[in-house]
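Novice: Structure file input-v5.cif (mmCIF, C-alpha atoms) right here:
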data_coords
loop_
_atom_site.group_PDB
_atom_site.id
_atom_site.type_symbol
_atom_site.label_atom_id
_atom_site.label_comp_id
_atom_site.auth_asym_id
_atom_site.auth_seq_id
_atom_site.Cartn_x
_atom_site.Cartn_y
_atom_site.Cartn_z
ATOM 1 C CA MET A 27 6.197 3.453 22.273
ATOM 2 C CA VAL A 28 8.926 0.813 21.916
ATOM 3 C CA ILE A 29 7.892 -2.520 20.403
ATOM 4 C CA ARG A 30 10.637 -5.153 20.624
ATOM 5 C CA LEU A 31 11.321 -7.394 17.666
ATOM 6 C CA VAL A 32 10.082 -10.573 19.326
ATOM 7 C CA ALA A 33 6.945 -10.077 17.241
ATOM 8 C CA VAL A 34 9.004 -9.956 14.061
ATOM 9 C CA ALA A 35 10.748 -13.207 14.901
ATOM 10 C CA ALA A 36 7.453 -14.857 15.725
ATOM 11 C CA PHE A 37 5.887 -13.855 12.462
ATOM 12 C CA ALA A 38 8.956 -15.019 10.557
ATOM 13 C CA THR A 39 8.230 -18.602 11.654
ATOM 14 C CA LEU A 40 4.736 -18.520 10.190
ATOM 15 C CA VAL A 41 5.373 -19.498 6.601
ATOM 16 C CA ALA A 42 1.989 -20.540 5.297
ATOM 17 C CA CYS A 43 1.651 -23.037 2.442
ATOM 18 C CA VAL A 44 -1.894 -22.144 1.475
ATOM 19 C CA PRO A 45 -2.885 -22.578 -2.193
ATOM 20 C CA GLN A 46 -4.026 -19.546 -4.126
ATOM 21 C CA PRO A 47 -7.807 -19.129 -3.867
ATOM 22 C CA ALA A 48 -10.064 -19.836 -6.796
ATOM 23 C CA PRO A 49 -12.258 -16.930 -7.908
ATOM 24 C CA ASP A 50 -15.832 -17.013 -6.660
ATOM 25 C CA SER A 51 -18.144 -18.715 -9.114
ATOM 26 C CA ASP A 52 -21.312 -16.731 -8.501
ATOM 27 C CA ALA A 53 -22.121 -13.449 -10.210
ATOM 28 C CA THR A 54 -22.510 -11.411 -7.024
ATOM 29 C CA PRO A 55 -19.868 -8.653 -6.902
ATOM 30 C CA ALA A 56 -17.120 -9.344 -4.388
ATOM 31 C CA VAL A 57 -17.729 -6.011 -2.664
ATOM 32 C CA ALA A 58 -21.251 -7.229 -1.798
ATOM 33 C CA ARG A 59 -20.078 -10.686 -0.690
ATOM 34 C CA GLU A 60 -17.609 -9.043 1.726
ATOM 35 C CA ALA A 61 -20.260 -6.935 3.456
ATOM 36 C CA ASN A 62 -19.965 -8.912 6.685
ATOM 37 C CA ASP A 63 -16.175 -9.362 6.579
ATOM 38 C CA ALA A 64 -14.974 -6.605 8.892
ATOM 39 C CA VAL A 65 -11.471 -5.193 8.991
ATOM 40 C CA ASP A 66 -9.298 -7.036 11.470
ATOM 41 C CA ARG A 67 -8.669 -3.911 13.535
ATOM 42 C CA ARG A 68 -6.391 -5.639 16.036
ATOM 43 C CA GLN A 69 -4.047 -6.937 13.328
ATOM 44 C CA LEU A 70 -4.247 -3.669 11.420
ATOM 45 C CA MET A 71 -3.074 -1.716 14.456
ATOM 46 C CA ALA A 72 -0.481 -4.363 15.346
ATOM 47 C CA ASP A 73 1.086 -4.094 11.893
ATOM 48 C CA LEU A 74 1.167 -0.309 12.064
ATOM 49 C CA THR A 75 2.474 -0.255 15.646
ATOM 50 C CA ILE A 76 5.323 -2.682 14.950
ATOM 51 C CA LEU A 77 6.420 -0.880 11.782
ATOM 52 C CA ALA A 78 6.294 2.521 13.496
ATOM 53 C CA ALA A 79 8.067 1.402 16.678
ATOM 54 C CA ASP A 80 11.273 3.022 17.894
ATOM 55 C CA ASP A 81 13.076 -0.285 17.245
ATOM 56 C CA MET A 82 12.575 0.262 13.523
ATOM 57 C CA GLN A 83 14.626 3.475 13.745
ATOM 58 C CA GLY A 84 12.456 5.286 11.215
ATOM 59 C CA ARG A 85 12.809 2.556 8.546
ATOM 60 C CA GLY A 86 15.386 4.481 6.539
ATOM 61 C CA ALA A 87 16.262 2.787 3.249
ATOM 62 C CA GLY A 88 19.536 0.893 3.506
ATOM 63 C CA THR A 89 19.665 1.100 7.326
ATOM 64 C CA PRO A 90 19.381 -1.660 9.953
ATOM 65 C CA GLY A 91 15.931 -0.310 10.834
ATOM 66 C CA GLY A 92 14.890 -0.562 7.213
ATOM 67 C CA GLU A 93 16.147 -4.158 7.149
ATOM 68 C CA ARG A 94 14.087 -5.005 10.228
ATOM 69 C CA ALA A 95 10.993 -3.442 8.678
ATOM 70 C CA ARG A 96 11.559 -5.436 5.496
ATOM 71 C CA ALA A 97 11.931 -8.669 7.491
ATOM 72 C CA TYR A 98 8.618 -7.955 9.173
ATOM 73 C CA VAL A 99 6.819 -7.290 5.878
ATOM 74 C CA VAL A 100 8.281 -10.475 4.386
ATOM 75 C CA SER A 101 7.144 -12.498 7.395
ATOM 76 C CA ARG A 102 3.620 -11.096 7.113
ATOM 77 C CA PHE A 103 3.433 -11.833 3.368
ATOM 78 C CA GLU A 104 4.452 -15.408 4.098
ATOM 79 C CA ALA A 105 2.104 -15.776 7.067
ATOM 80 C CA LEU A 106 -0.736 -14.641 4.804
ATOM 81 C CA GLY A 107 0.162 -17.300 2.239
ATOM 82 C CA LEU A 108 1.060 -14.882 -0.538
ATOM 83 C CA ALA A 109 2.971 -16.595 -3.322
ATOM 84 C CA ALA A 110 6.254 -15.089 -4.438
ATOM 85 C CA PRO A 111 6.664 -14.312 -8.155
ATOM 86 C CA PRO A 112 9.097 -16.500 -10.145
ATOM 87 C CA SER A 113 11.771 -13.817 -9.691
ATOM 88 C CA GLY A 114 11.572 -14.205 -5.900
ATOM 89 C CA ARG A 115 10.098 -12.466 -2.870
ATOM 90 C CA LEU A 116 12.636 -9.620 -2.933
ATOM 91 C CA GLN A 117 13.627 -7.288 -5.751
ATOM 92 C CA PRO A 118 16.987 -5.679 -4.894
ATOM 93 C CA PHE A 119 18.119 -2.399 -6.401
ATOM 94 C CA GLN A 120 20.784 0.276 -6.220
ATOM 95 C CA ARG A 121 20.063 3.787 -7.426
ATOM 96 C CA GLN A 122 20.957 7.407 -6.965
ATOM 97 C CA GLY A 123 18.465 8.766 -4.452
ATOM 98 C CA ARG A 124 17.668 12.252 -3.210
ATOM 99 C CA ARG A 125 20.403 12.081 -0.585
ATOM 100 C CA GLY A 126 22.976 10.041 -2.523
ATOM 101 C CA PRO A 127 23.338 6.371 -3.545
ATOM 102 C CA VAL A 128 20.692 4.112 -2.034
ATOM 103 C CA SER A 129 20.318 0.341 -1.828
ATOM 104 C CA GLY A 130 16.984 -1.255 -1.156
ATOM 105 C CA PHE A 131 14.639 -4.184 -1.639
ATOM 106 C CA ASN A 132 11.049 -4.210 -2.860
ATOM 107 C CA VAL A 133 8.890 -6.946 -1.307
ATOM 108 C CA LEU A 134 6.573 -8.825 -3.688
ATOM 109 C CA GLY A 135 3.516 -11.034 -3.284
ATOM 110 C CA VAL A 136 1.084 -12.522 -5.791
ATOM 111 C CA VAL A 137 -2.574 -13.517 -5.772
ATOM 112 C CA ARG A 138 -3.474 -15.138 -9.094
ATOM 113 C CA SER A 139 -6.938 -15.153 -10.609
ATOM 114 C CA THR A 140 -8.256 -17.822 -12.957
ATOM 115 C CA ALA A 141 -10.961 -15.449 -14.245
ATOM 116 C CA THR A 142 -8.616 -12.891 -15.863
ATOM 117 C CA PRO A 143 -5.196 -14.258 -14.945
ATOM 118 C CA GLU A 144 -3.067 -12.326 -17.433
ATOM 119 C CA ARG A 145 -4.417 -8.865 -16.568
ATOM 120 C CA TRP A 146 -2.932 -7.397 -13.420
ATOM 121 C CA ILE A 147 -3.614 -4.854 -10.709
ATOM 122 C CA VAL A 148 -0.467 -3.717 -8.889
ATOM 123 C CA VAL A 149 -1.248 -2.595 -5.334
ATOM 124 C CA SER A 150 1.617 -0.726 -3.695
ATOM 125 C CA ALA A 151 2.629 0.966 -0.450
ATOM 126 C CA HIS A 152 6.115 2.069 0.565
ATOM 127 C CA TYR A 153 7.504 0.706 3.826
ATOM 128 C CA ASP A 154 10.474 3.040 4.218
ATOM 129 C CA HIS A 155 10.528 6.408 5.980
ATOM 130 C CA LEU A 156 13.051 9.083 6.943
ATOM 131 C CA GLY A 157 15.122 7.194 9.512
ATOM 132 C CA VAL A 158 16.976 9.015 12.297
ATOM 133 C CA ARG A 159 18.009 12.627 11.701
ATOM 134 C CA ASP A 160 19.776 14.937 14.128
ATOM 135 C CA GLY A 161 19.209 12.401 16.880
ATOM 136 C CA GLN A 162 15.439 12.241 16.346
ATOM 137 C CA THR A 163 13.593 9.162 15.132
ATOM 138 C CA TYR A 164 11.006 9.699 12.419
ATOM 139 C CA ASN A 165 8.681 6.770 13.053
ATOM 140 C CA GLY A 166 6.360 7.500 10.124
ATOM 141 C CA ALA A 167 3.217 5.943 11.577
ATOM 142 C CA ASP A 168 0.945 7.508 8.965
ATOM 143 C CA ASP A 169 3.722 7.878 6.381
ATOM 144 C CA ASN A 170 3.668 5.061 5.536
ATOM 145 C CA ALA A 171 3.346 2.301 8.085
ATOM 146 C CA SER A 172 -0.374 2.895 7.632
ATOM 147 C CA GLY A 173 -0.386 2.183 3.903
ATOM 148 C CA VAL A 174 1.547 -1.051 4.434
ATOM 149 C CA ALA A 175 -0.888 -2.136 7.167
ATOM 150 C CA SER A 176 -3.811 -1.405 4.825
ATOM 151 C CA LEU A 177 -2.090 -3.387 2.062
ATOM 152 C CA LEU A 178 -1.649 -6.346 4.427
ATOM 153 C CA GLU A 179 -5.353 -6.220 5.330
ATOM 154 C CA LEU A 180 -6.200 -6.199 1.620
ATOM 155 C CA ALA A 181 -3.967 -9.251 1.174
ATOM 156 C CA ARG A 182 -5.869 -11.039 3.935
ATOM 157 C CA ARG A 183 -9.173 -10.294 2.257
ATOM 158 C CA LEU A 184 -7.889 -11.423 -1.141
ATOM 159 C CA ARG A 185 -7.028 -14.772 0.412
ATOM 160 C CA ARG A 186 -10.657 -15.076 1.543
ATOM 161 C CA THR A 187 -12.427 -13.681 -1.534
ATOM 162 C CA ALA A 188 -10.358 -13.944 -4.685
ATOM 163 C CA PRO A 189 -10.019 -11.057 -7.162
ATOM 164 C CA ARG A 190 -11.250 -11.095 -10.764
ATOM 165 C CA HIS A 191 -7.817 -9.957 -11.944
ATOM 166 C CA SER A 192 -4.426 -11.166 -10.810
ATOM 167 C CA VAL A 193 -2.864 -8.956 -8.157
ATOM 168 C CA LEU A 194 0.756 -8.094 -7.473
ATOM 169 C CA LEU A 195 1.218 -6.593 -4.011
ATOM 170 C CA VAL A 196 4.403 -4.559 -3.663
ATOM 171 C CA ALA A 197 5.877 -2.966 -0.566
ATOM 172 C CA PHE A 198 8.275 -0.466 -2.127
ATOM 173 C CA ASP A 199 11.520 0.639 -0.522
ATOM 174 C CA ALA A 200 13.187 4.070 -0.764
ATOM 175 C CA GLU A 201 10.119 6.079 -1.730
ATOM 176 C CA GLU A 202 11.513 8.864 0.400
ATOM 177 C CA GLN A 203 14.667 8.714 -1.724
ATOM 178 C CA GLY A 204 13.145 9.871 -4.996
ATOM 179 C CA LEU A 205 10.672 6.989 -5.484
ATOM 180 C CA SER A 206 13.717 4.787 -6.034
ATOM 181 C CA GLY A 207 12.067 1.406 -5.460
ATOM 182 C CA ALA A 208 9.125 2.187 -7.721
ATOM 183 C CA ARG A 209 11.344 3.609 -10.450
ATOM 184 C CA HIS A 210 13.448 0.455 -10.370
ATOM 185 C CA TYR A 211 10.319 -1.692 -10.558
ATOM 186 C CA VAL A 212 8.888 -0.041 -13.670
ATOM 187 C CA GLU A 213 12.268 -0.424 -15.372
ATOM 188 C CA ASN A 214 12.322 -4.112 -14.323
ATOM 189 C CA PRO A 215 8.647 -5.084 -13.990
ATOM 190 C CA VAL A 216 7.710 -8.435 -12.519
ATOM 191 C CA VAL A 217 4.561 -8.471 -14.651
ATOM 192 C CA PRO A 218 4.496 -6.679 -18.024
ATOM 193 C CA LEU A 219 3.490 -3.034 -17.799
ATOM 194 C CA ALA A 220 1.305 -3.602 -20.867
ATOM 195 C CA ALA A 221 -0.641 -6.189 -18.842
ATOM 196 C CA THR A 222 -0.963 -3.890 -15.810
ATOM 197 C CA ALA A 223 -4.463 -2.427 -15.846
ATOM 198 C CA VAL A 224 -3.912 -0.052 -12.933
ATOM 199 C CA ASN A 225 -1.573 0.770 -10.066
ATOM 200 C CA LEU A 226 -3.459 1.328 -6.807
ATOM 201 C CA ASN A 227 -1.018 3.144 -4.520
ATOM 202 C CA LEU A 228 -1.620 3.564 -0.771
ATOM 203 C CA ASP A 229 0.284 6.282 1.055
ATOM 204 C CA MET A 230 -0.894 7.717 4.387
ATOM 205 C CA THR A 231 -4.171 5.910 5.026
ATOM 206 C CA ALA A 232 -4.553 6.454 8.787
ATOM 207 C CA ARG A 233 -4.920 10.189 9.470
ATOM 208 C CA GLU A 234 -8.196 11.236 7.865
ATOM 209 C CA ASP A 235 -8.455 14.041 10.412
ATOM 210 C CA ASP A 236 -10.899 15.861 8.127
ATOM 211 C CA GLY A 237 -12.848 12.694 7.300
ATOM 212 C CA VAL A 238 -11.510 12.585 3.718
ATOM 213 C CA LEU A 239 -9.593 9.864 1.896
ATOM 214 C CA TRP A 240 -8.368 11.525 -1.289
ATOM 215 C CA VAL A 241 -8.577 9.843 -4.692
ATOM 216 C CA THR A 242 -5.957 11.143 -7.113
ATOM 217 C CA GLY A 243 -5.556 9.960 -10.700
ATOM 218 C CA THR A 244 -9.043 9.877 -12.160
ATOM 219 C CA HIS A 245 -8.467 13.166 -13.987
ATOM 220 C CA GLN A 246 -5.763 11.341 -15.934
ATOM 221 C CA ASN A 247 -7.846 8.142 -16.143
ATOM 222 C CA PRO A 248 -11.541 9.146 -16.274
ATOM 223 C CA SER A 249 -12.825 5.600 -16.822
ATOM 224 C CA LEU A 250 -11.668 4.691 -13.304
ATOM 225 C CA ARG A 251 -13.859 7.291 -11.616
ATOM 226 C CA PRO A 252 -17.426 5.890 -11.991
ATOM 227 C CA PRO A 253 -16.873 2.695 -9.951
ATOM 228 C CA LEU A 254 -15.266 4.730 -7.167
ATOM 229 C CA GLU A 255 -17.924 7.457 -7.199
ATOM 230 C CA ALA A 256 -20.503 4.826 -6.291
ATOM 231 C CA LEU A 257 -18.808 4.031 -2.984
ATOM 232 C CA ALA A 258 -20.586 5.292 0.122
ATOM 233 C CA PRO A 259 -18.673 6.651 3.134
ATOM 234 C CA VAL A 260 -17.495 4.162 5.731
ATOM 235 C CA GLY A 261 -18.082 5.475 9.227
ATOM 236 C CA PRO A 262 -16.478 8.933 9.446
ATOM 237 C CA VAL A 263 -14.447 8.582 6.215
ATOM 238 C CA ARG A 264 -15.536 9.460 2.692
ATOM 239 C CA LEU A 265 -13.795 9.626 -0.676
ATOM 240 C CA ARG A 266 -12.997 12.932 -2.334
ATOM 241 C CA PHE A 267 -11.587 13.291 -5.849
ATOM 242 C CA GLY A 268 -8.884 15.739 -6.854
ATOM 243 C CA LYS A 269 -5.313 16.981 -6.442
ATOM 244 C CA ASP A 270 -4.653 15.887 -10.023
ATOM 245 C CA THR A 271 -5.840 18.707 -12.314
ATOM 246 C CA PRO A 272 -3.836 21.513 -13.944
ATOM 247 C CA GLN A 273 -5.464 23.877 -11.455
ATOM 248 C CA ASP A 274 -3.929 21.971 -8.527
ATOM 249 C CA LEU A 275 -0.571 23.640 -8.040
ATOM 250 C CA GLY A 276 2.562 22.909 -6.036
ATOM 251 C CA GLU A 277 2.244 20.467 -3.176
ATOM 252 C CA ASN A 278 -1.512 20.453 -3.717
ATOM 253 C CA ASN A 279 -0.936 18.391 -6.865
ATOM 254 C CA TRP A 280 -0.244 14.757 -6.038
ATOM 255 C CA VAL A 281 0.235 13.303 -9.518
ATOM 256 C CA ASN A 282 3.956 12.914 -8.815
ATOM 257 C CA ALA A 283 3.784 12.789 -5.018
ATOM 258 C CA SER A 284 4.365 9.077 -4.410
ATOM 259 C CA ASP A 285 5.263 5.779 -6.052
ATOM 260 C CA HIS A 286 2.356 5.876 -8.515
ATOM 261 C CA ALA A 287 4.291 8.613 -10.367
ATOM 262 C CA ALA A 288 6.701 5.970 -11.689
ATOM 263 C CA PHE A 289 3.777 4.052 -13.219
ATOM 264 C CA HIS A 290 2.179 7.210 -14.578
ATOM 265 C CA ALA A 291 5.432 8.131 -16.328
ATOM 266 C CA ARG A 292 5.267 4.791 -18.162
ATOM 267 C CA GLY A 293 1.639 5.251 -19.200
ATOM 268 C CA VAL A 294 0.123 2.886 -16.632
ATOM 269 C CA PRO A 295 -3.187 4.154 -15.179
ATOM 270 C CA PHE A 296 -3.036 4.865 -11.457
ATOM 271 C CA VAL A 297 -5.225 5.619 -8.475
ATOM 272 C CA TYR A 298 -3.608 7.115 -5.381
ATOM 273 C CA LEU A 299 -5.468 6.885 -2.056
ATOM 274 C CA GLY A 300 -4.223 8.910 0.883
ATOM 275 C CA ALA A 301 -4.947 11.402 3.627
ATOM 276 C CA ASP A 302 -4.173 15.086 3.320
ATOM 277 C CA TYR A 303 -1.093 16.663 4.874
ATOM 278 C CA HIS A 304 -1.265 17.160 8.625
ATOM 279 C CA ALA A 305 0.925 18.861 11.223
ATOM 280 C CA ASP A 306 2.899 15.651 11.874
ATOM 281 C CA TYR A 307 3.742 14.984 8.216
ATOM 282 C CA HIS A 308 7.509 14.348 7.899
ATOM 283 C CA GLN A 309 7.948 15.220 11.564
ATOM 284 C CA PRO A 310 9.245 13.062 14.442
ATOM 285 C CA THR A 311 5.753 13.427 15.941
ATOM 286 C CA ASP A 312 4.170 11.124 13.308
ATOM 287 C CA ASP A 313 3.584 8.452 15.935
ATOM 288 C CA VAL A 314 1.032 5.723 16.619
ATOM 289 C CA ALA A 315 -0.431 7.739 19.492
ATOM 290 C CA ARG A 316 -1.743 10.295 16.969
ATOM 291 C CA ILE A 317 -3.845 7.704 15.126
ATOM 292 C CA ARG A 318 -7.452 6.934 16.001
ATOM 293 C CA PRO A 319 -7.990 3.202 15.384
ATOM 294 C CA GLU A 320 -11.639 3.610 14.430
ATOM 295 C CA VAL A 321 -10.773 6.162 11.740
ATOM 296 C CA PHE A 322 -7.907 4.060 10.415
ATOM 297 C CA ALA A 323 -10.112 0.970 10.265
ATOM 298 C CA ALA A 324 -12.832 2.894 8.412
ATOM 299 C CA ALA A 325 -10.318 4.295 5.911
ATOM 300 C CA THR A 326 -8.861 0.831 5.342
ATOM 301 C CA GLU A 327 -12.321 -0.596 4.720
ATOM 302 C CA LEU A 328 -12.861 2.150 2.157
ATOM 303 C CA VAL A 329 -9.528 1.218 0.549
ATOM 304 C CA LEU A 330 -10.666 -2.393 0.293
ATOM 305 C CA ARG A 331 -13.979 -1.383 -1.260
ATOM 306 C CA ALA A 332 -12.151 0.855 -3.709
ATOM 307 C CA PHE A 333 -9.986 -2.078 -4.763
ATOM 308 C CA ARG A 334 -13.023 -4.300 -5.276
ATOM 309 C CA ALA A 335 -14.816 -1.573 -7.242
ATOM 310 C CA LEU A 336 -11.828 -1.190 -9.554
ATOM 311 C CA ASP A 337 -11.367 -4.951 -9.873
ATOM 312 C CA GLU A 338 -15.005 -5.394 -10.870
ATOM 313 C CA GLY A 339 -15.185 -2.201 -12.946
ATOM 314 C CA LEU A 340 -12.229 -2.951 -15.207
ATOM 315 C CA ASP A 341 -14.337 -5.430 -17.158
ATOM 316 C CA ARG A 342 -17.168 -2.976 -17.783
#
Could you express the structure from this file as structure tokens?

Specialist:
Amino acid sequence: MVIRLVAVAAFATLVACVPQPAPDSDATPAVAREANDAVDRRQLMADLTILAADDMQGRGAGTPGGERARAYVVSRFEALGLAAPPSGRLQPFQRQGRRGPVSGFNVLGVVRSTATPERWIVVSAHYDHLGVRDGQTYNGADDNASGVASLLELARRLRRTAPRHSVLLVAFDAEEQGLSGARHYVENPVVPLAATAVNLNLDMTAREDDGVLWVTGTHQNPSLRPPLEALAPVGPVRLRFGKDTPQDLGENNWVNASDHAAFHARGVPFVYLGADYHADYHQPTDDVARIRPEVFAAATELVLRAFRALDEGLDR
């Protein structure tokens, strides 16, 4: 499916000047207050479809397609009213990647809390993918247009129901080039790593073909598991813990599989949420047509509840 960039240009004109929300004053957990706030499935699928369109040319880091994807993410952050940090909306970098030198830009947005303003949750999802190789476009619908779409839905919800802790939302670039954007970030953090309570990383949130959204990182950070264990399934999707123990070998161990690895290497607790490998992983067939909207919406709702559970549970 080819989605022209008219949508990108339209979103770029929507620069919202909405003040940061104040935290809710009552004692009811946010996850309970959001019970009737459903995922905006139409916007969720629109974000994924635009990012995974042929026009984005596989969103390769440092390519024109990657630039177009970045422009779209920036426009959506601004349309949602996300503040930029003092350092600016974009964090440029140049590094040695898996396939040679790579230039990229991380995209940053902030939601401040007045309850615990100096303690941060960094929520991340990489927007790059593999680009065009041997004449084939790798659209990366699940990997990782889906994680970015879920992150944008979380941002929308944070604008409606404020978090207890301040939140930095980061769309990382060049994950497919050796986690380059994330590695640059932890070497040049926008908020101090010592003040970062947890990195919640979203990578492949749409293809829960087996009904499982994996939770990786609680073996390394056991205190983060109880709030997540309490979460019930959403529709056909449930949480499952693992892929982070010494018994999980090779590609079945996800501790270093995505951008959260850069945080883990610096001693920052992490939780990685993502679907298992499927036949379209890192293939040109990872397209929007393979995604079931009802499953993606359910998985995204579970992501949002996981965030709220962590946000509330950090103080306990």

Novice: Go ahead and compute the interatomic distance for atom CA of A:Ile317 and atom CA of A:Gly204, in Å to one decimal.

Specialist: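 Going from atom CA of A:Ile317 over to atom CA of A:Gly204, I get 26.4 Å.
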
Novice: Separation of atom CA of A:Val100 and atom CA of A:Thr187, in Å?

Specialist: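 The value is 21.8 Å.
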
Novice: As an exercise, work out the distance from atom CA of A:Gly300 to atom CA of A:Val241 in Å and give it to one decimal place.

Specialist: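 Going from atom CA of A:Gly300 over to atom CA of A:Val241 covers 7.1 Å.
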
Novice: Can you translate the PyMOL selection byres ((chain A and resi 131) around 7) into the concrete residues it hits in this file, as a VMD selection string?

Specialist: chain A and resid 116 to 119 130 132 to 133 199

Novice: Given all atoms listed in the file, how would the per-residue table for stretch 272-318 of chain A near stretch 159-167 of chain A read, listing every residue at most 10 Å away with its closest atom pair and distance in Å to one decimal, sorted by chain and number, as a tab-separated table?

Specialist:
residue	atom	partner	partner_atom	distance
A:Asp306	CA	A:Gly166	CA	9.0
A:Tyr307	CA	A:Gly166	CA	8.2
A:His308	CA	A:Gly166	CA	7.3
A:Gln309	CA	A:Tyr164	CA	6.4
A:Pro310	CA	A:Tyr164	CA	4.3
A:Thr311	CA	A:Tyr164	CA	7.3
A:Asp312	CA	A:Gly166	CA	5.3
A:Asp313	CA	A:Ala167	CA	5.0
A:Val314	CA	A:Ala167	CA	5.5
A:Ala315	CA	A:Ala167	CA	8.9
A:Arg316	CA	A:Ala167	CA	8.5
A:Ile317	CA	A:Ala167	CA	8.1

Novice: Return the single residue from A:Glu93, A:Asp81, A:Glu179, A:Glu144 that is closest to A:Phe333, with distances computed using only C-alpha atoms.

Specialist: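 The shortest atom-to-atom distance to A:Phe333 comes from A:Glu179.
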
Novice: Which one of A:Pro189, A:Gly88, A:Pro143, A:Gly243 sits closest to A:His286 if you count all atoms listed in the file?

Specialist: A:Gly243

Novice: Convert the output of the PyMOL selection byres ((chain A and resi 87) around 12) on the shown file into explicit residues, formatted as number ranges by chain.

Specialist: A: 82-86, 88-96, 118-121, 123-132, 152-158, 198-207

Novice: Find the residues near A:Asn170: any atom within 6 Å, counting all atoms listed in the file, skip ones fewer than 3 places away on the same chain, and give them as a ChimeraX atom specification.

Specialist: /A:166,173,229-230

Novice: Can you give me, as a short mmCIF file (atom, residue, chain, number, x, y, z; two decimals) with C-alpha atoms, in the frame of the given file, the residues this file yields under the PyMOL selection byres ((chain A and resi 192) around 12)?

Specialist:
data_model
loop_
_atom_site.label_atom_id
_atom_site.label_comp_id
_atom_site.auth_asym_id
_atom_site.auth_seq_id
_atom_site.Cartn_x
_atom_site.Cartn_y
_atom_site.Cartn_z
CA GLN A 46 -4.03 -19.55 -4.13
CA PRO A 47 -7.81 -19.13 -3.87
CA ALA A 48 -10.06 -19.84 -6.80
CA PRO A 49 -12.26 -16.93 -7.91
CA ALA A 109 2.97 -16.60 -3.32
CA PRO A 111 6.66 -14.31 -8.15
CA GLY A 135 3.52 -11.03 -3.28
CA VAL A 136 1.08 -12.52 -5.79
CA VAL A 137 -2.57 -13.52 -5.77
CA ARG A 138 -3.47 -15.14 -9.09
CA SER A 139 -6.94 -15.15 -10.61
CA THR A 140 -8.26 -17.82 -12.96
CA ALA A 141 -10.96 -15.45 -14.24
CA THR A 142 -8.62 -12.89 -15.86
CA PRO A 143 -5.20 -14.26 -14.94
CA GLU A 144 -3.07 -12.33 -17.43
CA ARG A 145 -4.42 -8.86 -16.57
CA TRP A 146 -2.93 -7.40 -13.42
CA ILE A 147 -3.61 -4.85 -10.71
CA VAL A 148 -0.47 -3.72 -8.89
CA VAL A 149 -1.25 -2.60 -5.33
CA LEU A 184 -7.89 -11.42 -1.14
CA ALA A 188 -10.36 -13.94 -4.68
CA PRO A 189 -10.02 -11.06 -7.16
CA ARG A 190 -11.25 -11.10 -10.76
CA HIS A 191 -7.82 -9.96 -11.94
CA VAL A 193 -2.86 -8.96 -8.16
CA LEU A 194 0.76 -8.09 -7.47
CA LEU A 195 1.22 -6.59 -4.01
CA VAL A 217 4.56 -8.47 -14.65
CA ALA A 221 -0.64 -6.19 -18.84
CA THR A 222 -0.96 -3.89 -15.81
CA ALA A 223 -4.46 -2.43 -15.85
CA VAL A 224 -3.91 -0.05 -12.93
CA ASP A 337 -11.37 -4.95 -9.87
#

Novice: Using the file's own x, y and z axes, so that the box edges lie along x, y and z, what centre and edge lengths in Å (one decimal) does a box around every listed atom of stretch 121-139 of chain A get when 5 Å is added on each side? Give it as AutoDock Vina command-line options.

Specialist:
--center_x 8.2 --center_y -1.5 --center_z -5.6 --size_x 40.3 --size_y 37.4 --size_z 20.0

Novice: Would you please work out which residue, of A:Ser249, A:Asn214, A:Ser172, A:Asn278, is nearest to A:Ala232 when using all atoms listed in the file?

Specialist: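 Among A:Ser249, A:Asn214, A:Ser172, A:Asn278, it is A:Ser172 that comes nearest to A:Ala232.
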
Novice: Any chance you could model N, CA and C atoms for stretch 295-304 of chain A and send them as a compact mmCIF listing (two decimals), keeping the file's coordinate frame?

Specialist:
# COMPACT_ATOMS: atom_id res chain seq x y z
N PRO A 295 -2.19 3.44 -15.99
CA PRO A 295 -3.19 4.15 -15.18
C PRO A 295 -2.93 3.94 -13.68
N PHE A 296 -3.27 4.96 -12.89
CA PHE A 296 -3.04 4.86 -11.46
C PHE A 296 -4.18 5.48 -10.69
N VAL A 297 -4.36 5.00 -9.47
CA VAL A 297 -5.22 5.62 -8.48
C VAL A 297 -4.43 5.68 -7.18
N TYR A 298 -4.33 6.88 -6.64
CA TYR A 298 -3.61 7.12 -5.38
C TYR A 298 -4.63 7.42 -4.30
N LEU A 299 -4.59 6.66 -3.20
CA LEU A 299 -5.47 6.88 -2.06
C LEU A 299 -4.62 7.31 -0.86
N GLY A 300 -4.98 8.46 -0.27
CA GLY A 300 -4.22 8.91 0.88
C GLY A 300 -4.88 10.07 1.59
N ALA A 301 -4.46 10.28 2.83
CA ALA A 301 -4.95 11.40 3.63
C ALA A 301 -4.22 12.68 3.23
N ASP A 302 -4.79 13.80 3.59
CA ASP A 302 -4.17 15.09 3.32
C ASP A 302 -3.01 15.30 4.29
N TYR A 303 -2.19 16.30 3.98
CA TYR A 303 -1.09 16.66 4.87
C TYR A 303 -1.65 17.06 6.24
N HIS A 304 -0.89 16.75 7.28
CA HIS A 304 -1.26 17.16 8.62
C HIS A 304 -0.02 17.68 9.33
